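Okay, structure_8.csv now, which holds CSV, C-alpha atoms and all ligand atoms:
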chain,number,residue,atom,x,y,z
A,1,MET,CA,-40.7,41.5,69.0
A,2,THR,CA,-40.0,38.3,67.0
A,3,ALA,CA,-42.7,37.4,64.5
A,4,GLU,CA,-44.2,33.9,65.1
A,5,LEU,CA,-42.9,31.3,62.8
A,6,PRO,CA,-45.4,29.8,60.3
A,7,LEU,CA,-47.2,26.8,61.8
A,8,PRO,CA,-45.6,24.1,59.5
A,9,VAL,CA,-42.1,25.4,60.6
A,10,GLN,CA,-43.2,25.2,64.3
A,11,VAL,CA,-44.5,21.7,63.7
A,12,VAL,CA,-41.2,20.5,62.1
A,13,ASP,CA,-39.1,22.3,64.8
A,14,THR,CA,-41.1,20.5,67.5
A,15,MET,CA,-40.9,17.1,65.7
A,16,GLU,CA,-37.1,17.5,65.8
A,17,GLN,CA,-37.3,18.0,69.6
A,18,ILE,CA,-39.0,14.7,69.9
A,19,ASP,CA,-37.0,12.4,67.5
A,20,GLY,CA,-33.8,14.5,67.4
A,21,ARG,CA,-32.3,16.2,64.3
A,22,HIS,CA,-30.7,13.7,62.0
A,23,PRO,CA,-29.0,15.6,59.1
A,24,GLY,CA,-30.0,14.5,55.7
A,25,TYR,CA,-33.0,12.4,56.9
A,26,ARG,CA,-36.7,13.0,56.7
A,27,ARG,CA,-38.1,14.6,59.9
A,28,ALA,CA,-40.6,11.7,60.0
A,29,HIS,CA,-40.3,8.2,58.5
A,30,ALA,CA,-36.6,8.7,58.4
A,31,ARG,CA,-35.4,5.1,57.6
A,32,GLY,CA,-36.8,3.4,54.5
A,33,ALA,CA,-36.2,2.0,51.1
A,34,CYS,CA,-37.8,2.1,47.6
A,35,PHE,CA,-39.1,-0.6,45.4
A,36,THR,CA,-40.4,-0.8,41.9
A,37,GLY,CA,-43.5,-2.4,40.4
A,38,THR,CA,-46.7,-2.0,38.5
A,39,PHE,CA,-50.3,-1.0,39.4
A,40,THR,CA,-53.1,-2.6,37.4
A,41,PRO,CA,-56.6,-1.1,37.8
A,42,THR,CA,-59.7,-3.4,37.9
A,43,GLY,CA,-61.8,-0.7,36.1
A,44,GLU,CA,-64.2,-0.5,39.0
A,45,ALA,CA,-63.2,3.1,39.8
A,46,ALA,CA,-64.0,4.4,36.3
A,47,LYS,CA,-67.6,5.0,37.3
A,48,TYR,CA,-66.4,7.5,40.0
A,49,THR,CA,-63.2,9.1,38.7
A,50,THR,CA,-61.4,10.0,35.5
A,51,ALA,CA,-58.0,9.5,37.1
A,52,ALA,CA,-55.9,7.7,34.5
A,53,HIS,CA,-53.8,5.5,36.8
A,54,LEU,CA,-57.0,4.2,38.6
A,55,THR,CA,-59.0,3.5,35.4
A,56,GLY,CA,-56.8,2.7,32.4
A,57,GLY,CA,-54.0,0.2,31.7
A,58,PRO,CA,-51.2,-0.8,34.0
A,59,VAL,CA,-48.8,2.0,35.2
A,60,PRO,CA,-45.3,1.8,36.7
A,61,VAL,CA,-45.1,2.6,40.4
A,62,THR,CA,-42.3,3.4,42.9
A,63,VAL,CA,-43.0,2.6,46.6
A,64,ARG,CA,-41.1,3.8,49.6
A,65,TYR,CA,-41.6,1.7,52.8
A,66,SER,CA,-40.5,3.4,56.0
A,67,ASN,CA,-40.5,3.4,59.8
A,68,GLY,CA,-42.5,6.2,61.3
A,69,SER,CA,-39.9,7.8,63.5
A,70,GLY,CA,-37.8,10.8,62.6
A,71,ASN,CA,-34.9,8.9,64.2
A,72,PRO,CA,-33.4,6.6,61.6
A,73,ALA,CA,-31.9,4.3,64.4
A,74,VAL,CA,-35.3,3.2,65.8
A,75,PRO,CA,-35.4,-0.6,65.8
A,76,ASP,CA,-37.8,-2.6,63.6
A,77,THR,CA,-38.3,-4.9,66.5
A,78,GLN,CA,-40.6,-2.4,68.3
A,79,PRO,CA,-44.2,-1.8,67.5
A,80,GLY,CA,-44.9,1.5,65.8
A,81,GLY,CA,-45.7,3.3,62.6
A,82,ARG,CA,-44.8,1.9,59.2
A,83,GLY,CA,-45.3,3.8,56.0
A,84,MET,CA,-46.0,3.1,52.4
A,85,ALA,CA,-45.6,6.0,50.0
A,86,THR,CA,-46.7,5.1,46.5
A,87,ARG,CA,-45.8,7.2,43.4
A,88,PHE,CA,-47.8,6.4,40.2
A,89,HIS,CA,-45.9,7.3,37.0
A,90,LEU,CA,-48.6,8.4,34.4
A,91,ALA,CA,-48.3,8.0,30.7
A,92,ASP,CA,-48.1,11.8,30.2
A,93,GLY,CA,-45.0,12.0,32.3
A,94,SER,CA,-46.7,13.4,35.4
A,95,VAL,CA,-46.8,11.6,38.8
A,96,THR,CA,-49.3,11.3,41.6
A,97,ASP,CA,-48.9,10.0,45.1
A,98,VAL,CA,-50.9,8.0,47.7
A,99,ILE,CA,-49.3,7.9,51.2
A,100,GLY,CA,-50.4,5.4,53.8
A,101,VAL,CA,-49.6,4.3,57.3
A,102,ASN,CA,-50.5,1.2,59.4
A,103,LEU,CA,-53.1,3.1,61.5
A,104,PRO,CA,-56.9,2.9,61.3
A,105,ARG,CA,-57.4,6.6,62.0
A,106,PHE,CA,-55.3,9.7,62.5
A,107,LEU,CA,-54.3,11.2,65.8
A,108,VAL,CA,-55.8,14.7,65.4
A,109,ALA,CA,-58.2,16.5,63.1
A,110,THR,CA,-56.6,20.0,62.6
A,111,PRO,CA,-53.1,21.6,62.2
A,112,GLU,CA,-53.5,23.4,65.5
A,113,GLN,CA,-54.2,20.1,67.3
A,114,PHE,CA,-51.2,18.5,65.6
A,115,LEU,CA,-49.0,21.3,66.9
A,116,ASP,CA,-50.5,21.0,70.4
A,117,LEU,CA,-49.9,17.2,70.3
A,118,VAL,CA,-46.2,17.4,69.2
A,119,ARG,CA,-45.6,20.1,71.8
A,120,ALA,CA,-47.1,17.8,74.5
A,121,LEU,CA,-44.8,14.9,73.3
A,122,ALA,CA,-41.8,17.2,73.3
A,123,ALA,CA,-42.6,18.5,76.8
A,124,ASP,CA,-42.8,14.9,78.1
A,125,LYS,CA,-39.5,14.1,76.5
A,126,ALA,CA,-37.9,17.3,77.9
A,127,ALA,CA,-39.2,16.4,81.4
A,128,GLY,CA,-37.3,13.1,81.1
A,129,LYS,CA,-39.3,11.4,83.8
A,130,GLY,CA,-40.6,8.7,81.6
A,131,ASP,CA,-44.2,9.7,82.3
A,132,GLN,CA,-46.7,11.1,79.8
A,133,ALA,CA,-48.2,13.9,81.8
A,134,HIS,CA,-48.4,16.3,78.9
A,135,LEU,CA,-49.8,13.7,76.5
A,136,GLN,CA,-52.4,12.8,79.1
A,137,GLY,CA,-53.3,16.5,79.4
A,138,PHE,CA,-53.6,16.7,75.6
A,139,LEU,CA,-55.9,13.6,75.5
A,140,ALA,CA,-58.0,15.0,78.3
A,141,ALA,CA,-58.5,18.2,76.2
A,142,HIS,CA,-59.0,16.3,72.9
A,143,PRO,CA,-61.1,13.2,73.6
A,144,ASP,CA,-61.5,12.6,69.8
A,145,SER,CA,-57.8,11.7,69.7
A,146,VAL,CA,-58.1,8.9,72.3
A,147,PRO,CA,-59.2,6.1,69.9
A,148,ALA,CA,-56.2,6.6,67.6
A,149,PHE,CA,-53.9,6.4,70.7
A,150,GLN,CA,-55.7,3.3,71.8
A,151,ALA,CA,-55.1,1.8,68.4
A,152,LEU,CA,-51.4,2.8,68.6
A,153,GLY,CA,-51.2,1.0,71.9
A,154,LEU,CA,-52.5,-2.2,70.4
A,155,MET,CA,-50.1,-2.1,67.4
A,156,GLY,CA,-48.0,-5.2,66.8
A,157,ILE,CA,-44.5,-5.6,65.3
A,158,PRO,CA,-45.0,-6.0,61.5
A,159,ALA,CA,-43.3,-9.1,60.3
A,160,SER,CA,-42.7,-7.6,56.8
A,161,PHE,CA,-43.5,-4.4,54.9
A,162,GLY,CA,-45.4,-6.9,52.7
A,163,THR,CA,-47.7,-8.2,55.4
A,164,THR,CA,-48.9,-4.9,56.7
A,165,ALA,CA,-52.1,-3.0,55.7
A,166,TYR,CA,-51.7,0.8,55.1
A,167,ARG,CA,-54.4,3.5,55.0
A,168,ALA,CA,-54.2,7.0,53.6
A,169,LEU,CA,-56.6,8.2,56.4
A,170,HIS,CA,-57.8,11.5,54.8
A,171,ALA,CA,-60.8,11.7,52.5
A,172,PHE,CA,-60.0,12.5,48.9
A,173,VAL,CA,-62.7,13.5,46.4
A,174,TRP,CA,-63.1,11.5,43.2
A,175,VAL,CA,-64.6,13.4,40.2
A,176,ASN,CA,-66.1,11.4,37.2
A,177,ALA,CA,-66.6,12.4,33.6
A,178,ASP,CA,-70.0,14.0,34.4
A,179,GLY,CA,-68.4,16.1,37.2
A,180,ASP,CA,-70.1,14.0,39.9
A,181,GLN,CA,-68.1,13.9,43.2
A,182,GLN,CA,-67.5,11.0,45.5
A,183,ALA,CA,-65.5,11.2,48.7
A,184,VAL,CA,-63.2,8.1,49.3
A,185,ARG,CA,-60.6,6.7,51.6
A,186,TYR,CA,-57.8,4.4,50.4
A,187,ARG,CA,-56.6,1.1,52.0
A,188,TRP,CA,-53.8,-1.1,50.7
A,189,ALA,CA,-54.4,-4.7,51.7
A,190,PRO,CA,-51.4,-7.1,51.6
A,191,VAL,CA,-52.3,-10.2,49.4
A,192,LEU,CA,-50.1,-12.2,51.8
A,193,GLY,CA,-52.4,-11.2,54.7
A,194,GLU,CA,-51.4,-9.3,57.8
A,195,GLN,CA,-48.7,-10.8,60.0
A,196,ASN,CA,-47.0,-9.5,63.1
A,197,LEU,CA,-44.0,-11.0,64.9
A,198,THR,CA,-44.5,-12.4,68.4
A,199,ALA,CA,-42.4,-10.9,71.1
A,200,ASP,CA,-40.1,-14.0,71.1
A,201,GLN,CA,-39.6,-13.8,67.3
A,202,ALA,CA,-38.8,-10.1,67.6
A,203,VAL,CA,-36.0,-10.8,70.1
A,204,ASN,CA,-34.3,-13.0,67.6
A,205,GLU,CA,-34.6,-10.6,64.7
A,206,ASP,CA,-31.9,-8.1,63.6
A,207,GLN,CA,-32.8,-4.6,64.8
A,208,GLN,CA,-33.1,-3.4,61.3
A,209,PHE,CA,-34.5,-6.5,59.5
A,210,LEU,CA,-37.4,-5.0,57.5
A,211,VAL,CA,-35.7,-3.8,54.4
A,212,GLY,CA,-33.5,-6.9,54.1
A,213,GLU,CA,-36.5,-9.1,54.7
A,214,PHE,CA,-38.4,-7.4,51.9
A,215,VAL,CA,-35.5,-7.6,49.5
A,216,SER,CA,-35.1,-11.3,50.2
A,217,ARG,CA,-38.8,-11.9,49.8
A,218,LEU,CA,-38.8,-10.1,46.4
A,219,ALA,CA,-35.9,-12.3,45.3
A,220,GLU,CA,-38.3,-15.3,45.7
A,221,GLY,CA,-41.1,-13.6,43.7
A,222,PRO,CA,-43.4,-10.6,43.4
A,223,VAL,CA,-45.3,-9.2,46.4
A,224,SER,CA,-48.8,-7.7,45.8
A,225,PHE,CA,-51.3,-5.4,47.5
A,226,THR,CA,-54.9,-4.7,46.5
A,227,LEU,CA,-56.0,-1.1,46.6
A,228,HIS,CA,-59.5,-0.5,48.1
A,229,ALA,CA,-61.6,2.7,48.2
A,230,THR,CA,-64.3,3.1,50.8
A,231,LEU,CA,-67.1,5.2,49.3
A,232,ALA,CA,-68.4,7.8,51.8
A,233,ASP,CA,-72.1,8.5,52.4
A,234,PRO,CA,-72.8,12.3,52.1
A,235,SER,CA,-73.4,12.3,55.9
A,236,ASP,CA,-69.8,11.0,56.7
A,237,PRO,CA,-67.2,13.5,57.9
A,238,THR,CA,-64.5,14.2,55.3
A,239,ASN,CA,-62.7,16.9,57.3
A,240,ASP,CA,-61.7,14.8,60.3
A,241,ALA,CA,-59.3,11.9,60.0
A,242,THR,CA,-59.8,10.9,63.6
A,243,LYS,CA,-63.2,9.6,62.7
A,244,VAL,CA,-63.7,6.3,60.9
A,245,TRP,CA,-66.7,5.8,58.6
A,246,PRO,CA,-69.3,3.2,59.5
A,247,ASP,CA,-68.3,-0.4,58.6
A,248,ASP,CA,-71.2,-0.8,56.2
A,249,ARG,CA,-70.0,1.8,53.7
A,250,PRO,CA,-69.4,0.2,50.2
A,251,GLU,CA,-65.8,-0.5,49.3
A,252,ILE,CA,-64.5,-1.1,45.7
A,253,GLU,CA,-61.4,-2.9,44.7
A,254,VAL,CA,-59.5,-0.3,42.6
A,255,GLY,CA,-56.6,-2.5,41.5
A,256,THR,CA,-53.5,-4.5,42.3
A,257,LEU,CA,-50.0,-3.3,42.9
A,258,THR,CA,-47.3,-5.8,42.3
A,259,LEU,CA,-43.7,-5.1,43.5
A,260,THR,CA,-40.9,-6.9,41.7
A,261,GLY,CA,-37.6,-5.5,43.1
A,262,GLU,CA,-35.6,-2.6,44.5
A,263,VAL,CA,-35.2,0.6,42.6
A,264,GLU,CA,-31.9,0.9,40.8
A,265,ASP,CA,-30.8,4.0,42.6
A,266,GLN,CA,-31.8,4.1,46.3
A,267,ASP,CA,-29.9,7.4,46.9
A,268,HIS,CA,-31.9,9.1,44.2
A,269,TRP,CA,-35.2,7.9,45.6
A,270,ALA,CA,-34.2,8.7,49.2
A,271,ALA,CA,-33.9,12.3,48.2
A,272,GLN,CA,-37.3,12.6,46.6
A,273,ILE,CA,-40.4,14.0,48.2
A,274,PHE,CA,-43.7,12.1,48.4
A,275,ASP,CA,-46.7,14.4,49.0
A,276,PRO,CA,-50.3,13.6,49.8
A,277,THR,CA,-51.4,16.8,47.8
A,278,ASN,CA,-49.7,15.6,44.7
A,279,LEU,CA,-52.9,14.6,42.9
A,280,THR,CA,-54.1,14.3,39.3
A,281,ALA,CA,-57.2,15.1,37.2
A,282,GLY,CA,-60.1,13.2,38.6
A,283,ILE,CA,-58.9,13.4,42.3
A,284,GLU,CA,-59.2,16.5,44.5
A,285,LEU,CA,-58.5,17.4,48.1
A,286,SER,CA,-61.4,17.2,50.5
A,287,ASP,CA,-62.2,19.7,53.2
A,288,ASP,CA,-59.7,17.9,55.5
A,289,PRO,CA,-57.2,20.7,56.6
A,290,LEU,CA,-54.4,18.3,57.3
A,291,PRO,CA,-53.1,17.4,53.8
A,292,ARG,CA,-52.4,21.1,53.2
A,293,LEU,CA,-50.4,21.3,56.4
A,294,ARG,CA,-48.6,18.2,55.5
A,295,HIS,CA,-47.7,19.7,52.1
A,296,SER,CA,-46.0,22.6,53.8
A,297,ALA,CA,-44.4,20.6,56.6
A,298,TYR,CA,-43.0,18.0,54.1
A,299,SER,CA,-41.4,21.0,52.2
A,300,VAL,CA,-39.8,22.3,55.3
A,301,SER,CA,-38.4,18.8,56.0
A,302,TYR,CA,-37.3,18.4,52.4
A,303,ASP,CA,-35.5,21.8,52.4
A,304,ARG,CA,-33.6,20.9,55.5
A,305,ARG,CA,-32.6,17.4,54.6
A,306,SER,CA,-31.7,18.4,51.0
A,307,GLN,CA,-29.3,21.0,52.4
A,308,GLY,CA,-27.7,18.3,54.6
A,309,GLU,CA,-29.3,19.7,57.8
A,401,LIG,C1,-50.4,16.9,60.3
A,401,LIG,C2,-50.0,15.7,60.2
A,401,LIG,C3,-48.6,15.3,59.7
A,401,LIG,C4,-47.4,15.9,59.7
A,401,LIG,C5,-47.1,17.3,60.2
A,401,LIG,C6,-46.5,15.0,59.1
A,401,LIG,C7,-45.1,15.3,58.9
A,401,LIG,C8,-44.3,14.6,58.1
A,401,LIG,C9,-43.0,15.0,57.7
A,401,LIG,C10,-42.3,16.3,58.1
A,401,LIG,C11,-42.4,14.0,56.9
A,401,LIG,C12,-41.1,14.0,56.2
A,401,LIG,C13,-41.3,14.5,54.8
A,401,LIG,C14,-40.1,14.6,53.9
A,401,LIG,O1,-39.0,15.0,54.3
A,401,LIG,O2,-40.2,14.1,52.7
A,401,LIG,C15,-43.4,13.0,56.8
A,401,LIG,C16,-43.3,11.8,56.1
A,401,LIG,C17,-44.3,10.8,56.0
A,401,LIG,N1,-45.5,10.9,56.5
A,401,LIG,FE1,-46.3,12.4,57.6
A,401,LIG,N2,-47.1,13.9,58.7
A,401,LIG,C18,-48.4,14.0,59.1
A,401,LIG,C19,-49.5,13.1,58.9
A,401,LIG,C20,-49.3,11.9,58.2
A,401,LIG,C21,-50.4,11.0,57.9
A,401,LIG,C22,-51.9,11.2,58.2
A,401,LIG,C23,-49.8,10.0,57.2
A,401,LIG,C24,-50.5,8.8,56.6
A,401,LIG,C25,-51.7,8.7,56.2
A,401,LIG,C26,-48.4,10.2,57.1
A,401,LIG,C27,-47.5,9.4,56.5
A,401,LIG,C28,-46.2,9.7,56.2
A,401,LIG,C29,-45.3,8.9,55.5
A,401,LIG,C30,-45.6,7.5,55.0
A,401,LIG,C31,-44.1,9.6,55.3
A,401,LIG,C32,-42.9,9.1,54.6
A,401,LIG,C33,-43.0,9.5,53.1
A,401,LIG,C34,-41.9,9.1,52.3
A,401,LIG,O3,-41.6,7.8,52.3
A,401,LIG,O4,-41.2,9.9,51.6
A,401,LIG,N3,-48.1,11.4,57.7
A,401,LIG,N4,-44.5,13.3,57.6
Please express the file's structure as structure tokens.
Ligand code: HEM
Amino acid sequence: MTAELPLPVQVVDTMEQIDGRHPGYRRAHARGACFTGTFTPTGEAAKYTTAAHLTGGPVPVTVRYSNGSGNPAVPDTQPGGRGMATRFHLADGSVTDVIGVNLPRFLVATPEQFLDLVRALAADKAAGKGDQAHLQGFLAAHPDSVPAFQALGLMGIPASFGTTAYRALHAFVWVNADGDQQAVRYRWAPVLGEQNLTADQAVNEDQQFLVGEFVSRLAEGPVSFTLHATLADPSDPTNDATKVWPDDRPEIEVGTLTLTGEVEDQDHWAAQIFDPTNLTAGIELSDDPLPRLRHSAYSVSYDRRSQGE
């Protein structure tokens, strides 16, 4: 009898069935590029967390923007996931990451649901009929996933990585100098505002315009995002990223990220791994089970791509 593979391996194997296996590429968010800049905290977060990069002086950052698919050939002229993975370089030489996407909520709440979802998507693809019978079956069994799929269906075509809002979706727990805990969710807001392409504009764009657009934009001047943290009420769910918190929760402005240009070595940065569990003192994981799955799945993907698989 063959032992069952660990769940993160099953997840990545199934993701490869959906988007194909593209040697050397990430199994999600395959195409992207990295940029350099600075994050400057406002100081507002200091009441809630001791995290150095959110409370002290400016810190250098590296940001990887990406398309959501594991297929690096997917065109930018289609709606879909776009990612912003931010690495903060702390003064003590350590690093910490915040990883966001352009979705208001996540598709599932648990690792098992994620495996069921990717299996349904893979089965629809294998059936090859163009219908979504397995996905519809999944949604019927998991009604909490329906709002995220509705949001996906309404997604536009981002005009620029710099005109898209990104959310980290999971709750993280801030800890202050007194040991008090506060659950938060992060949102990056583009200072340029959110802009999508119209269908007509998309027809005239190069299929892979996003990186070139951003490089040209940076040549004209820096591009900024403000980082916001929504503060949870103790009654808000922290273990379920399919559920948004009520609109009236307080939000603080944590700081401003200003990007100035491309990293010097794109190949070096393409090979790195950004990880939502890569935290620092003053920030802890919540009881959301997904970041731990993501940590393992990202390692599986990293091992494969770094071996040229
Ligand atoms: C259980 C759910 C998830 C699974 C299994 C999963 C899986 C993956 C995998 C395998 C990679 C490639 C990792 C690598 O090779 O470095 C990846 C990358 C990525 N994921 Fe996820 N993901 C999940 C949820 C999420 C969520 C909730 C977000 C956003 C909040 C997200 C955003 C991203 C981004 C932006 C990248 C690219 C990171 C980079 O630029 O290096 N993912 N994901």
For Gly81 (chain A), which residue among A:Thr40, A:Thr50, A:Thr164, A:Ser145 is the nearest when counting all atoms listed in the file?
A:Thr164
Where does region 71-174 of chain A meet region 278-289 of chain A within 8 Å, residue by residue, with the nearest atom pair and distance in Å to one decimal for each, counting all atoms listed in the file, listed by chain and rising number, as CSV?
residue,atom,partner,partner_atom,distance
A:Val95,CA,A:Asn278,CA,7.7
A:Thr96,CA,A:Leu279,CA,5.1
A:Asp97,CA,A:Asn278,CA,5.7
A:Ala109,CA,A:Pro289,CA,7.8
A:Thr110,CA,A:Pro289,CA,6.1
A:Pro111,CA,A:Pro289,CA,7.0
A:His170,CA,A:Asp288,CA,6.7
A:Ala171,CA,A:Ser286,CA,5.9
A:Phe172,CA,A:Ser286,CA,5.2
A:Val173,CA,A:Glu284,CA,5.0
A:Trp174,CA,A:Ile283,CA,4.7
Filtering to C-alpha atoms, could you give me those residues as a compact mmCIF listing (two decimals), in the coordinates of the input?
# COMPACT_ATOMS: atom_id res chain seq x y z
CA VAL A 95 -46.80 11.60 38.80
CA THR A 96 -49.30 11.30 41.60
CA ASP A 97 -48.90 10.00 45.10
CA ALA A 109 -58.20 16.50 63.10
CA THR A 110 -56.60 20.00 62.60
CA PRO A 111 -53.10 21.60 62.20
CA HIS A 170 -57.80 11.50 54.80
CA ALA A 171 -60.80 11.70 52.50
CA PHE A 172 -60.00 12.50 48.90
CA VAL A 173 -62.70 13.50 46.40
CA TRP A 174 -63.10 11.50 43.20
Separation of CA of Pro276 (chain A) and CA of Ala297 (chain A), in Å?
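So the two atoms, CA of Pro276 (chain A) and CA of Ala297 (chain A), lie 11.4 Å apart.
Shortest separation to Val254 (chain A) among A:Glu44, A:Asp236, A:Asp19, A:Asp267 occurs at residue A:Glu44, atoms counted being all atoms listed in the file.
For the atom pair formed by CA of Thr49 (chain A) and CA of Val175 (chain A), the distance is 4.8 Å, given to one decimal.
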Just to confirm, what's the straight-line distance from CA of Asn204 (chain A) to CA of Gly32 (chain A) in Å (one decimal)?
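Between CA of Asn204 (chain A) and CA of Gly32 (chain A) the gap is 21.1 Å.
For the choices A:Ala177, A:Leu5, A:Ile273, A:Ala122, the atom-to-atom distance to ligand LIG 401 (chain A) is smallest for A:Ile273 when using only C-alpha atoms and all ligand atoms.
With all atoms listed in the file as the atoms that count, the minimum distance from Thr36 (chain A) to the choices A:Pro79, A:Gly93, A:Pro60, A:Gly128 is reached by A:Pro60.
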Tell me which of A:Leu293, A:Leu227, A:Val118, A:Ala127 sits closest to Leu54 (chain A), counting all atoms listed in the file.
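That would be A:Leu227, the residue with the smallest distance to Leu54 (chain A).
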Exercise: Ala120 (chain A) partners within 7 Å, all atoms listed in the file, chain neighbours under 6 positions left out, as a ChimeraX atom specification:
/A:134-135,138
Residues within 12 Å of Asp303 (chain A), please, as a PyMOL selection string. Count all atoms listed in the file; anything in the same chain fewer than 2 positions from it doesn't count.
chain A and resi 9+12+23-27+271-273+296-301+305-309
Contacts of Gly20 (chain A) within 12 Å, only C-alpha atoms, excl. fewer than 2 positions in-chain, as a short mmCIF file (atom, residue, chain, number, x, y, z; two decimals) with C-alpha atoms, keeping the file's coordinate frame:
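Saved as around.cif:
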data_model
loop_
_atom_site.label_atom_id
_atom_site.label_comp_id
_atom_site.auth_asym_id
_atom_site.auth_seq_id
_atom_site.Cartn_x
_atom_site.Cartn_y
_atom_site.Cartn_z
CA VAL A 12 -41.20 20.50 62.10
CA ASP A 13 -39.10 22.30 64.80
CA THR A 14 -41.10 20.50 67.50
CA MET A 15 -40.90 17.10 65.70
CA GLU A 16 -37.10 17.50 65.80
CA GLN A 17 -37.30 18.00 69.60
CA ILE A 18 -39.00 14.70 69.90
CA HIS A 22 -30.70 13.70 62.00
CA PRO A 23 -29.00 15.60 59.10
CA TYR A 25 -33.00 12.40 56.90
CA ARG A 26 -36.70 13.00 56.70
CA ARG A 27 -38.10 14.60 59.90
CA ALA A 28 -40.60 11.70 60.00
CA ALA A 30 -36.60 8.70 58.40
CA SER A 69 -39.90 7.80 63.50
CA GLY A 70 -37.80 10.80 62.60
CA ASN A 71 -34.90 8.90 64.20
CA PRO A 72 -33.40 6.60 61.60
CA ALA A 73 -31.90 4.30 64.40
CA VAL A 74 -35.30 3.20 65.80
CA ALA A 122 -41.80 17.20 73.30
CA LYS A 125 -39.50 14.10 76.50
CA ALA A 126 -37.90 17.30 77.90
CA GLU A 309 -29.30 19.70 57.80
#
Counting only C-alpha atoms, what is within 6 Å of Ile157 (chain A), bar same-chain residues fewer than 6 positions away, as a ChimeraX atom specification?
/A:78-79,196-197
Using only C-alpha atoms and all ligand atoms for the distances, tell me which of A:Ala241, A:Val223, A:Ala140, A:Leu121 is nearest to ligand LIG 401 (chain A).
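Smallest separation from ligand LIG 401 (chain A) among the options: A:Ala241.
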Residues near Pro75 (chain A), anyone? I mean within 6 Å using only C-alpha atoms, not counting same-chain ones fewer than 2 positions away, as a PyMOL selection string.
chain A and resi 77+207-208
